[in-house]
Amino acid sequence: MVAKRIIPCLDVTGGRTVKGVNFVSLRDAGDPVDLGRKYALEGADELVFLDISATVEERATFFALVERIAREIDIPFTVGGGISTLEQAGNLLEAGADKVSVNSAAVRNPDLIDGIASHFGSQFVTVAIDARVVEGKWVVTTHGGRKMTERELFEWAHEAQERGAGEILFTSMDHDGTRNGYPCETYAALADILSIPVIASGGAGSVDDIARVLVEGRADAALAASIFHYNEIPVPVLKRELRRMNINVRI
Amino acid sequence: MIAVVKYDAGNVRSVLNALDRAGARDVVLTSDPELLRSASKVILPGVGEASTALESLRKEGLDTLIPTLTNPVLGICIGLQLLCQASEEGNVRGMGVFPAHVRRFVPGEGIKVPHMGWNSLSQLEGPLFKGIDEGTYFYFVHSYRADICEDTAAVCDHGGNFSAAICRGNFYGVQFHPEKSGAAGEKVLKNFLAI
């Protein structure tokens, strides 16, 4: 059986990894390639590099960084952050990215998903969805959760799949950063309606949280940032614990 | 010289990067029949869709050349599938080197399509897997898979067994991506280069 994947996520700006503390202050956490390589050696199954650049100059450094990651890291990696055109996706493929993740731009222009999937294959496009509960409904948000949209989570996730998404990365903005765990019932409901893999993101505070979303939530992968960056739960410890709980992970 | 077959089958950058990490020097990306015949090793990479990939090989006349090669040839992912008898994807006839057919995975309870992620191999055979333990995980991304056949060199299970690797004479094929499979993948590439 295919193993459940553990995916550290690195936020990058100006060619450096940063650790966000509630999006207010950012602390430098070193060279993204060095950190990525460390996670790969520790047993991470994939990596995500998110470009959180605010300026054109910072963005230019990100592209060169993707080429370096592809040269030096020997596990699959996804790049995301601000990808809004087919051309950008194509350039990142050329630079060596294994997948791109699209979020706000896909909500604005859903044809972007079809375009990337038909040109470069479904395996190349992850659709990231941020949503929060409003009056009992999961409403899709964009721009880091700041903007509400007209879309509803399940309907949008299914449409993304039909348009050619290779996987769905769902983050609950109600749980992100809380470290209180994931909304497992919502992940299970996504697993029920989708035939493509689902990645859980946002909310992990403990090994148990991750175990629950993989088992009860039936997520195919768990993505996290701070628990790895702050070394609270190192990847090898997490995987050993999950294996002990009879969860199929690669060790 | 190691020749990586140049044709329109997605990005070959990661294969070139992995060869470089594995210490391979003198790597050429080419569709020149002379170079492919004289290379010490030939690698047929491929991501994407089988019928488009085969069409692109045909345009260069490579679909008839490759089966006649006598040097070690390694097909990766779609590369393995193109070396099989026929594929359901786009309903194409393959190059017919491996006695296996290629079929689509059927989604089911816990069986996602594409088969994406790390999966373990069993019944390892042949020089590609020298020094690699049964149960080792490799990285897969695909929606079609080759049947088990008499030349299957590694078995993987995703809603049923399929060929994770096939070896027949001087032809080798792996369904997983050695270029993305960490240390184990690098070992497979080095084993191929050492044949």
# chains A, B, ... in the order shown; residues from 1 in each chain; ligands from 1
$ residues_around --residues "range 31-48 of chain A" --least-positions-apart "5" --cutoff "7 Å" --atoms "only C-alpha atoms" --output "list in words"
Arg5, Ile6, Ile7, Pro8, Cys9, Leu10, Arg16, Thr17, Ile69, Ile73, Ile75, Pro76, Phe77, Thr78, Val79, Val235, Pro236 and Ile251 of chain A
$ write_last_selection --atoms "C-alpha atoms" --output "PDB file, in the first residue's frame"
ATOM      1  CA  ARG A   5       3.195  11.167   3.321  1.00  0.00           C
ATOM      2  CA  ILE A   6       4.762  13.647   5.731  1.00  0.00           C
ATOM      3  CA  ILE A   7       5.477  17.003   4.108  1.00  0.00           C
ATOM      4  CA  PRO A   8       7.393  19.869   5.732  1.00  0.00           C
ATOM      5  CA  CYS A   9       6.483  23.260   4.281  1.00  0.00           C
ATOM      6  CA  LEU A  10       9.076  26.041   3.986  1.00  0.00           C
ATOM      7  CA  ARG A  16      15.851  32.639   2.641  1.00  0.00           C
ATOM      8  CA  THR A  17      13.545  30.439   4.693  1.00  0.00           C
ATOM      9  CA  ILE A  69      16.535  22.782  -5.115  1.00  0.00           C
ATOM     10  CA  ILE A  73      17.386  17.567  -3.440  1.00  0.00           C
ATOM     11  CA  ILE A  75      12.783  13.847  -3.241  1.00  0.00           C
ATOM     12  CA  PRO A  76       9.759  15.461  -4.917  1.00  0.00           C
ATOM     13  CA  PHE A  77       8.971  19.080  -4.205  1.00  0.00           C
ATOM     14  CA  THR A  78       6.058  21.407  -4.835  1.00  0.00           C
ATOM     15  CA  VAL A  79       6.331  25.133  -5.284  1.00  0.00           C
ATOM     16  CA  VAL A 235      10.357  14.050  11.249  1.00  0.00           C
ATOM     17  CA  PRO A 236      12.030  10.782  12.392  1.00  0.00           C
ATOM     18  CA  ILE A 251      10.918   4.705   7.333  1.00  0.00           C
TER      19      ILE A 251
END
$ select_by_dssp --residues "range 12-191 of chain B" --states "strand (DSSP E or B)" --output "PyMOL selection string"
chain B and resi 27-30+41-44+73-76+86-87+92-93+101-104+108+111+115-120+122+137-142+144-146+152-157+161-168+171-174
$ select_by_dssp --residues "range 18-194 of chain B" --states "alpha helix (DSSP H)" --output "JSON, numbers by chain"
{"B": [18, 19, 20, 21, 33, 34, 35, 36, 37, 38, 50, 51, 52, 53, 54, 55, 56, 57, 58, 59, 62, 63, 64, 65, 78, 79, 80, 81, 82, 182, 183, 184, 185, 186, 187, 188, 189, 190, 191, 192, 193]}
$ write_last_selection --atoms "C-alpha atoms" --output "mmCIF file, in the first residue's frame"
data_model
loop_
_atom_site.group_PDB
_atom_site.id
_atom_site.type_symbol
_atom_site.label_atom_id
_atom_site.label_comp_id
_atom_site.auth_asym_id
_atom_site.auth_seq_id
_atom_site.Cartn_x
_atom_site.Cartn_y
_atom_site.Cartn_z
ATOM 1 C CA ALA B 18 19.892 12.800 -10.575
ATOM 2 C CA LEU B 19 22.514 11.392 -12.957
ATOM 3 C CA ASP B 20 24.738 14.278 -11.986
ATOM 4 C CA ARG B 21 24.217 13.553 -8.260
ATOM 5 C CA PRO B 33 20.438 7.222 -33.678
ATOM 6 C CA GLU B 34 24.223 6.958 -33.972
ATOM 7 C CA LEU B 35 24.780 8.359 -30.491
ATOM 8 C CA LEU B 36 22.051 6.136 -29.054
ATOM 9 C CA ARG B 37 23.669 3.064 -30.625
ATOM 10 C CA SER B 38 27.169 3.930 -29.468
ATOM 11 C CA ALA B 50 1.679 7.543 -23.393
ATOM 12 C CA SER B 51 0.152 8.137 -26.818
ATOM 13 C CA THR B 52 1.681 11.630 -27.133
ATOM 14 C CA ALA B 53 5.041 10.282 -25.993
ATOM 15 C CA LEU B 54 4.951 7.402 -28.476
ATOM 16 C CA GLU B 55 3.918 9.741 -31.287
ATOM 17 C CA SER B 56 6.930 11.880 -30.490
ATOM 18 C CA LEU B 57 9.246 8.817 -30.569
ATOM 19 C CA ARG B 58 7.722 7.857 -33.933
ATOM 20 C CA LYS B 59 8.414 11.266 -35.418
ATOM 21 C CA LEU B 62 13.013 6.045 -32.415
ATOM 22 C CA ASP B 63 10.154 3.590 -31.849
ATOM 23 C CA THR B 64 11.804 1.181 -34.319
ATOM 24 C CA LEU B 65 15.391 2.000 -33.326
ATOM 25 C CA ILE B 78 6.211 6.183 -19.218
ATOM 26 C CA GLY B 79 9.545 4.926 -20.579
ATOM 27 C CA LEU B 80 8.803 1.482 -19.078
ATOM 28 C CA GLN B 81 5.227 1.582 -20.369
ATOM 29 C CA LEU B 82 6.335 2.401 -23.925
ATOM 30 C CA GLY B 182 16.127 9.593 -2.301
ATOM 31 C CA ALA B 183 19.064 7.339 -1.472
ATOM 32 C CA ALA B 184 17.310 4.152 -2.660
ATOM 33 C CA GLY B 185 16.606 5.715 -6.037
ATOM 34 C CA GLU B 186 20.188 6.848 -6.414
ATOM 35 C CA LYS B 187 21.311 3.298 -5.651
ATOM 36 C CA VAL B 188 19.117 1.944 -8.488
ATOM 37 C CA LEU B 189 20.575 4.496 -10.907
ATOM 38 C CA LYS B 190 24.113 3.639 -9.815
ATOM 39 C CA ASN B 191 23.336 -0.068 -10.212
ATOM 40 C CA PHE B 192 22.141 0.583 -13.758
ATOM 41 C CA LEU B 193 25.221 2.658 -14.563
#
$ interface_residues --of "chain B" --to "chain A" --cutoff "8 Å" --atoms "only C-alpha atoms" --output "VMD selection string"
chain B and resid 10 to 11 13 to 14 17 to 18 21 48 to 49 107 112 to 120 137 141 to 142 157 to 159 179 to 183
$ write_last_selection --atoms "N, CA and C atoms" --output "PDB file, in the first residue's frame"
ATOM      1  N   GLY B  10       7.662  15.428 -21.619  1.00  0.00           N
ATOM      2  CA  GLY B  10       7.742  16.124 -20.343  1.00  0.00           C
ATOM      3  C   GLY B  10       9.171  16.511 -20.010  1.00  0.00           C
ATOM      4  N   ASN B  11       9.374  16.806 -18.750  1.00  0.00           N
ATOM      5  CA  ASN B  11      10.631  17.368 -18.316  1.00  0.00           C
ATOM      6  C   ASN B  11      11.651  16.283 -17.982  1.00  0.00           C
ATOM      7  N   ARG B  13      14.672  17.262 -16.874  1.00  0.00           N
ATOM      8  CA  ARG B  13      15.624  17.937 -15.999  1.00  0.00           C
ATOM      9  C   ARG B  13      15.942  17.116 -14.752  1.00  0.00           C
ATOM     10  N   SER B  14      14.921  16.558 -14.117  1.00  0.00           N
ATOM     11  CA  SER B  14      15.197  15.871 -12.852  1.00  0.00           C
ATOM     12  C   SER B  14      16.009  14.597 -13.065  1.00  0.00           C
ATOM     13  N   ASN B  17      19.556  15.873 -13.469  1.00  0.00           N
ATOM     14  CA  ASN B  17      20.067  16.263 -12.148  1.00  0.00           C
ATOM     15  C   ASN B  17      20.461  15.041 -11.323  1.00  0.00           C
ATOM     16  N   ALA B  18      19.624  13.999 -11.385  1.00  0.00           N
ATOM     17  CA  ALA B  18      19.892  12.800 -10.575  1.00  0.00           C
ATOM     18  C   ALA B  18      21.127  12.074 -11.085  1.00  0.00           C
ATOM     19  N   ARG B  21      24.004  13.870  -9.681  1.00  0.00           N
ATOM     20  CA  ARG B  21      24.217  13.553  -8.260  1.00  0.00           C
ATOM     21  C   ARG B  21      24.810  12.165  -8.084  1.00  0.00           C
ATOM     22  N   GLY B  48       4.018  12.153 -18.285  1.00  0.00           N
ATOM     23  CA  GLY B  48       2.975  12.658 -19.167  1.00  0.00           C
ATOM     24  C   GLY B  48       2.087  11.559 -19.678  1.00  0.00           C
ATOM     25  N   GLU B  49       1.812  11.592 -20.962  1.00  0.00           N
ATOM     26  CA  GLU B  49       0.770  10.742 -21.515  1.00  0.00           C
ATOM     27  C   GLU B  49       1.382   9.837 -22.574  1.00  0.00           C
ATOM     28  N   PRO B 107      -9.994   3.058  -9.480  1.00  0.00           N
ATOM     29  CA  PRO B 107     -10.151   3.653  -8.155  1.00  0.00           C
ATOM     30  C   PRO B 107     -11.086   2.813  -7.297  1.00  0.00           C
ATOM     31  N   LYS B 112      -6.448   5.467  -4.547  1.00  0.00           N
ATOM     32  CA  LYS B 112      -6.544   6.737  -5.251  1.00  0.00           C
ATOM     33  C   LYS B 112      -5.830   6.633  -6.594  1.00  0.00           C
ATOM     34  N   VAL B 113      -6.363   7.353  -7.574  1.00  0.00           N
ATOM     35  CA  VAL B 113      -5.715   7.433  -8.879  1.00  0.00           C
ATOM     36  C   VAL B 113      -5.548   8.913  -9.214  1.00  0.00           C
ATOM     37  N   PRO B 114      -4.359   9.404  -9.505  1.00  0.00           N
ATOM     38  CA  PRO B 114      -3.114   8.672  -9.691  1.00  0.00           C
ATOM     39  C   PRO B 114      -2.576   8.004  -8.414  1.00  0.00           C
ATOM     40  N   HIS B 115      -1.787   6.951  -8.629  1.00  0.00           N
ATOM     41  CA  HIS B 115      -1.011   6.327  -7.552  1.00  0.00           C
ATOM     42  C   HIS B 115       0.152   7.275  -7.319  1.00  0.00           C
ATOM     43  N   MET B 116       0.070   8.058  -6.239  1.00  0.00           N
ATOM     44  CA  MET B 116       1.048   9.109  -6.012  1.00  0.00           C
ATOM     45  C   MET B 116       1.638   8.975  -4.633  1.00  0.00           C
ATOM     46  N   GLY B 117       2.949   8.835  -4.562  1.00  0.00           N
ATOM     47  CA  GLY B 117       3.609   8.753  -3.274  1.00  0.00           C
ATOM     48  C   GLY B 117       4.584   7.585  -3.216  1.00  0.00           C
ATOM     49  N   TRP B 118       4.983   7.263  -1.984  1.00  0.00           N
ATOM     50  CA  TRP B 118       6.007   6.231  -1.775  1.00  0.00           C
ATOM     51  C   TRP B 118       5.334   4.898  -1.506  1.00  0.00           C
ATOM     52  N   ASN B 119       5.772   3.869  -2.241  1.00  0.00           N
ATOM     53  CA  ASN B 119       5.228   2.543  -2.026  1.00  0.00           C
ATOM     54  C   ASN B 119       6.385   1.548  -1.978  1.00  0.00           C
ATOM     55  N   SER B 120       6.148   0.413  -1.297  1.00  0.00           N
ATOM     56  CA  SER B 120       7.240  -0.532  -1.083  1.00  0.00           C
ATOM     57  C   SER B 120       7.247  -1.614  -2.161  1.00  0.00           C
ATOM     58  N   TYR B 137      11.023   1.526   0.000  1.00  0.00           N
ATOM     59  CA  TYR B 137      10.036   2.418  -0.626  1.00  0.00           C
ATOM     60  C   TYR B 137      10.652   3.232  -1.768  1.00  0.00           C
ATOM     61  N   VAL B 141       4.403   8.146  -9.395  1.00  0.00           N
ATOM     62  CA  VAL B 141       3.316   9.041  -9.821  1.00  0.00           C
ATOM     63  C   VAL B 141       2.827   8.532 -11.164  1.00  0.00           C
ATOM     64  N   HIS B 142       1.692   7.842 -11.177  1.00  0.00           N
ATOM     65  CA  HIS B 142       1.180   7.320 -12.450  1.00  0.00           C
ATOM     66  C   HIS B 142      -0.265   6.854 -12.307  1.00  0.00           C
ATOM     67  N   ASP B 157       2.142  -3.085  -4.931  1.00  0.00           N
ATOM     68  CA  ASP B 157       0.710  -3.325  -4.749  1.00  0.00           C
ATOM     69  C   ASP B 157      -0.033  -2.005  -4.590  1.00  0.00           C
ATOM     70  N   HIS B 158      -0.981  -1.766  -5.495  1.00  0.00           N
ATOM     71  CA  HIS B 158      -1.896  -0.623  -5.340  1.00  0.00           C
ATOM     72  C   HIS B 158      -3.227  -1.107  -5.895  1.00  0.00           C
ATOM     73  N   GLY B 159      -4.057  -1.647  -5.022  1.00  0.00           N
ATOM     74  CA  GLY B 159      -5.306  -2.265  -5.471  1.00  0.00           C
ATOM     75  C   GLY B 159      -5.039  -3.503  -6.302  1.00  0.00           C
ATOM     76  N   GLU B 179      14.893   8.984  -9.821  1.00  0.00           N
ATOM     77  CA  GLU B 179      15.465  10.338  -9.700  1.00  0.00           C
ATOM     78  C   GLU B 179      14.815  11.138  -8.578  1.00  0.00           C
ATOM     79  N   LYS B 180      13.712  10.615  -8.020  1.00  0.00           N
ATOM     80  CA  LYS B 180      13.013  11.324  -6.940  1.00  0.00           C
ATOM     81  C   LYS B 180      12.876  10.449  -5.700  1.00  0.00           C
ATOM     82  N   SER B 181      13.581   9.313  -5.686  1.00  0.00           N
ATOM     83  CA  SER B 181      13.384   8.343  -4.605  1.00  0.00           C
ATOM     84  C   SER B 181      14.538   8.320  -3.602  1.00  0.00           C
ATOM     85  N   GLY B 182      15.118   9.489  -3.350  1.00  0.00           N
ATOM     86  CA  GLY B 182      16.127   9.593  -2.301  1.00  0.00           C
ATOM     87  C   GLY B 182      17.302   8.657  -2.520  1.00  0.00           C
ATOM     88  N   ALA B 183      17.861   8.166  -1.414  1.00  0.00           N
ATOM     89  CA  ALA B 183      19.064   7.339  -1.472  1.00  0.00           C
ATOM     90  C   ALA B 183      18.808   6.021  -2.209  1.00  0.00           C
TER      91      ALA B 183
END
$ residues_around --residues "range 150-163 of chain A" --least-positions-apart "6" --cutoff "6 Å" --atoms "only C-alpha atoms" --output "PDB file with N, CA and C atoms, in the first residue's frame"
ATOM      1  N   ASP A 114      -7.353  23.535 -15.582  1.00  0.00           N
ATOM      2  CA  ASP A 114      -7.436  22.744 -16.823  1.00  0.00           C
ATOM      3  C   ASP A 114      -6.188  22.970 -17.672  1.00  0.00           C
ATOM      4  N   TRP A 138     -18.711  25.569   5.011  1.00  0.00           N
ATOM      5  CA  TRP A 138     -17.286  25.785   4.747  1.00  0.00           C
ATOM      6  C   TRP A 138     -17.147  26.711   3.536  1.00  0.00           C
ATOM      7  N   VAL A 139     -16.750  27.954   3.801  1.00  0.00           N
ATOM      8  CA  VAL A 139     -16.614  28.944   2.736  1.00  0.00           C
ATOM      9  C   VAL A 139     -15.136  29.072   2.332  1.00  0.00           C
ATOM     10  N   VAL A 140     -14.891  29.007   1.017  1.00  0.00           N
ATOM     11  CA  VAL A 140     -13.531  29.132   0.507  1.00  0.00           C
ATOM     12  C   VAL A 140     -13.069  30.583   0.657  1.00  0.00           C
TER      13      VAL A 140
END
$ residues_around --residues "Gly126 in chain B" --least-positions-apart "2" --cutoff "12 Å" --atoms "only C-alpha atoms" --output "PyMOL selection string"
chain B and resi 123-124+128-132+151-154+165-173+188+191-192+195
$ write_last_selection --atoms "N, CA and C atoms" --output "mmCIF file, in the first residue's frame"
data_model
loop_
_atom_site.group_PDB
_atom_site.id
_atom_site.type_symbol
_atom_site.label_atom_id
_atom_site.label_comp_id
_atom_site.auth_asym_id
_atom_site.auth_seq_id
_atom_site.Cartn_x
_atom_site.Cartn_y
_atom_site.Cartn_z
ATOM 1 N N GLN B 123 9.740 -8.947 -4.017
ATOM 2 C CA GLN B 123 10.215 -9.878 -5.050
ATOM 3 C C GLN B 123 11.225 -9.222 -5.989
ATOM 4 N N LEU B 124 12.207 -8.566 -5.357
ATOM 5 C CA LEU B 124 13.243 -7.863 -6.123
ATOM 6 C C LEU B 124 14.176 -8.858 -6.806
ATOM 7 N N LEU B 128 19.507 -4.341 -11.006
ATOM 8 C CA LEU B 128 19.055 -3.007 -10.586
ATOM 9 C C LEU B 128 18.908 -2.917 -9.075
ATOM 10 N N PHE B 129 18.560 -4.051 -8.456
ATOM 11 C CA PHE B 129 18.220 -4.022 -7.024
ATOM 12 C C PHE B 129 19.309 -4.616 -6.137
ATOM 13 N N LYS B 130 20.496 -4.722 -6.696
ATOM 14 C CA LYS B 130 21.622 -5.218 -5.906
ATOM 15 C C LYS B 130 21.826 -4.317 -4.688
ATOM 16 N N GLY B 131 21.853 -4.908 -3.513
ATOM 17 C CA GLY B 131 22.083 -4.120 -2.298
ATOM 18 C C GLY B 131 20.853 -3.386 -1.791
ATOM 19 N N ILE B 132 19.698 -3.663 -2.383
ATOM 20 C CA ILE B 132 18.466 -3.000 -1.929
ATOM 21 C C ILE B 132 17.554 -4.038 -1.271
ATOM 22 N N ASP B 151 8.962 -11.426 -16.891
ATOM 23 C CA ASP B 151 10.192 -10.656 -16.705
ATOM 24 C C ASP B 151 10.086 -9.603 -15.601
ATOM 25 N N THR B 152 8.993 -9.644 -14.829
ATOM 26 C CA THR B 152 8.846 -8.693 -13.724
ATOM 27 C C THR B 152 10.038 -8.815 -12.772
ATOM 28 N N ALA B 153 10.645 -7.669 -12.450
ATOM 29 C CA ALA B 153 11.843 -7.684 -11.596
ATOM 30 C C ALA B 153 11.575 -7.063 -10.227
ATOM 31 N N ALA B 154 10.382 -6.495 -10.046
ATOM 32 C CA ALA B 154 9.956 -5.987 -8.739
ATOM 33 C C ALA B 154 8.445 -5.825 -8.789
ATOM 34 N N ALA B 165 9.082 -3.026 -11.724
ATOM 35 C CA ALA B 165 10.280 -3.054 -12.565
ATOM 36 C C ALA B 165 10.210 -4.291 -13.441
ATOM 37 N N ILE B 166 10.760 -4.171 -14.648
ATOM 38 C CA ILE B 166 10.805 -5.289 -15.596
ATOM 39 C C ILE B 166 12.220 -5.343 -16.159
ATOM 40 N N CYS B 167 12.710 -6.551 -16.358
ATOM 41 C CA CYS B 167 14.048 -6.693 -16.915
ATOM 42 C C CYS B 167 14.035 -7.826 -17.924
ATOM 43 N N ARG B 168 14.435 -7.527 -19.156
ATOM 44 C CA ARG B 168 14.492 -8.560 -20.198
ATOM 45 C C ARG B 168 15.709 -8.288 -21.067
ATOM 46 N N GLY B 169 16.668 -9.199 -21.006
ATOM 47 C CA GLY B 169 17.908 -9.015 -21.768
ATOM 48 C C GLY B 169 18.599 -7.728 -21.352
ATOM 49 N N ASN B 170 18.892 -6.887 -22.333
ATOM 50 C CA ASN B 170 19.567 -5.618 -22.031
ATOM 51 C C ASN B 170 18.580 -4.484 -21.738
ATOM 52 N N PHE B 171 17.281 -4.842 -21.658
ATOM 53 C CA PHE B 171 16.270 -3.811 -21.404
ATOM 54 C C PHE B 171 15.777 -3.844 -19.953
ATOM 55 N N TYR B 172 15.759 -2.674 -19.339
ATOM 56 C CA TYR B 172 15.313 -2.519 -17.958
ATOM 57 C C TYR B 172 14.232 -1.441 -17.928
ATOM 58 N N GLY B 173 13.272 -1.606 -17.049
ATOM 59 C CA GLY B 173 12.263 -0.561 -16.909
ATOM 60 C C GLY B 173 11.858 -0.440 -15.457
ATOM 61 N N VAL B 188 19.597 2.610 -7.271
ATOM 62 C CA VAL B 188 19.117 1.944 -8.488
ATOM 63 C C VAL B 188 19.798 2.528 -9.730
ATOM 64 N N ASN B 191 23.305 1.335 -9.796
ATOM 65 C CA ASN B 191 23.336 -0.068 -10.212
ATOM 66 C C ASN B 191 23.200 -0.183 -11.718
ATOM 67 N N PHE B 192 22.306 0.624 -12.296
ATOM 68 C CA PHE B 192 22.141 0.583 -13.758
ATOM 69 C C PHE B 192 23.422 1.040 -14.452
ATOM 70 N N ILE B 195 26.107 -1.609 -14.749
ATOM 71 C CA ILE B 195 25.865 -2.851 -15.518
ATOM 72 C C ILE B 195 26.878 -2.958 -16.651
#
$ closest_residue --among "A:Ile83, A:Ala219, A:Ala211, A:Met173" --to "Phe63 in chain A" --atoms "only C-alpha atoms"
A:Ile83
$ atom_distance --atom1 "CA of Ser31 in chain B" --atom2 "CA of Ile2 in chain B"
12.4 Å
$ residues_around --residues "Glu57 in chain A" --least-positions-apart "5" --cutoff "10 Å" --atoms "only C-alpha atoms" --output "list in words"
Thr13, Gly14 and Phe62 of chain A
$ write_last_selection --atoms "C-alpha atoms" --output "PDB file, in the first residue's frame"
ATOM      1  CA  THR A  13      11.349  35.157   0.712  1.00  0.00           C
ATOM      2  CA  GLY A  14      14.438  36.823  -0.744  1.00  0.00           C
ATOM      3  CA  PHE A  62      12.844  32.376  -5.909  1.00  0.00           C
TER       4      PHE A  62
END
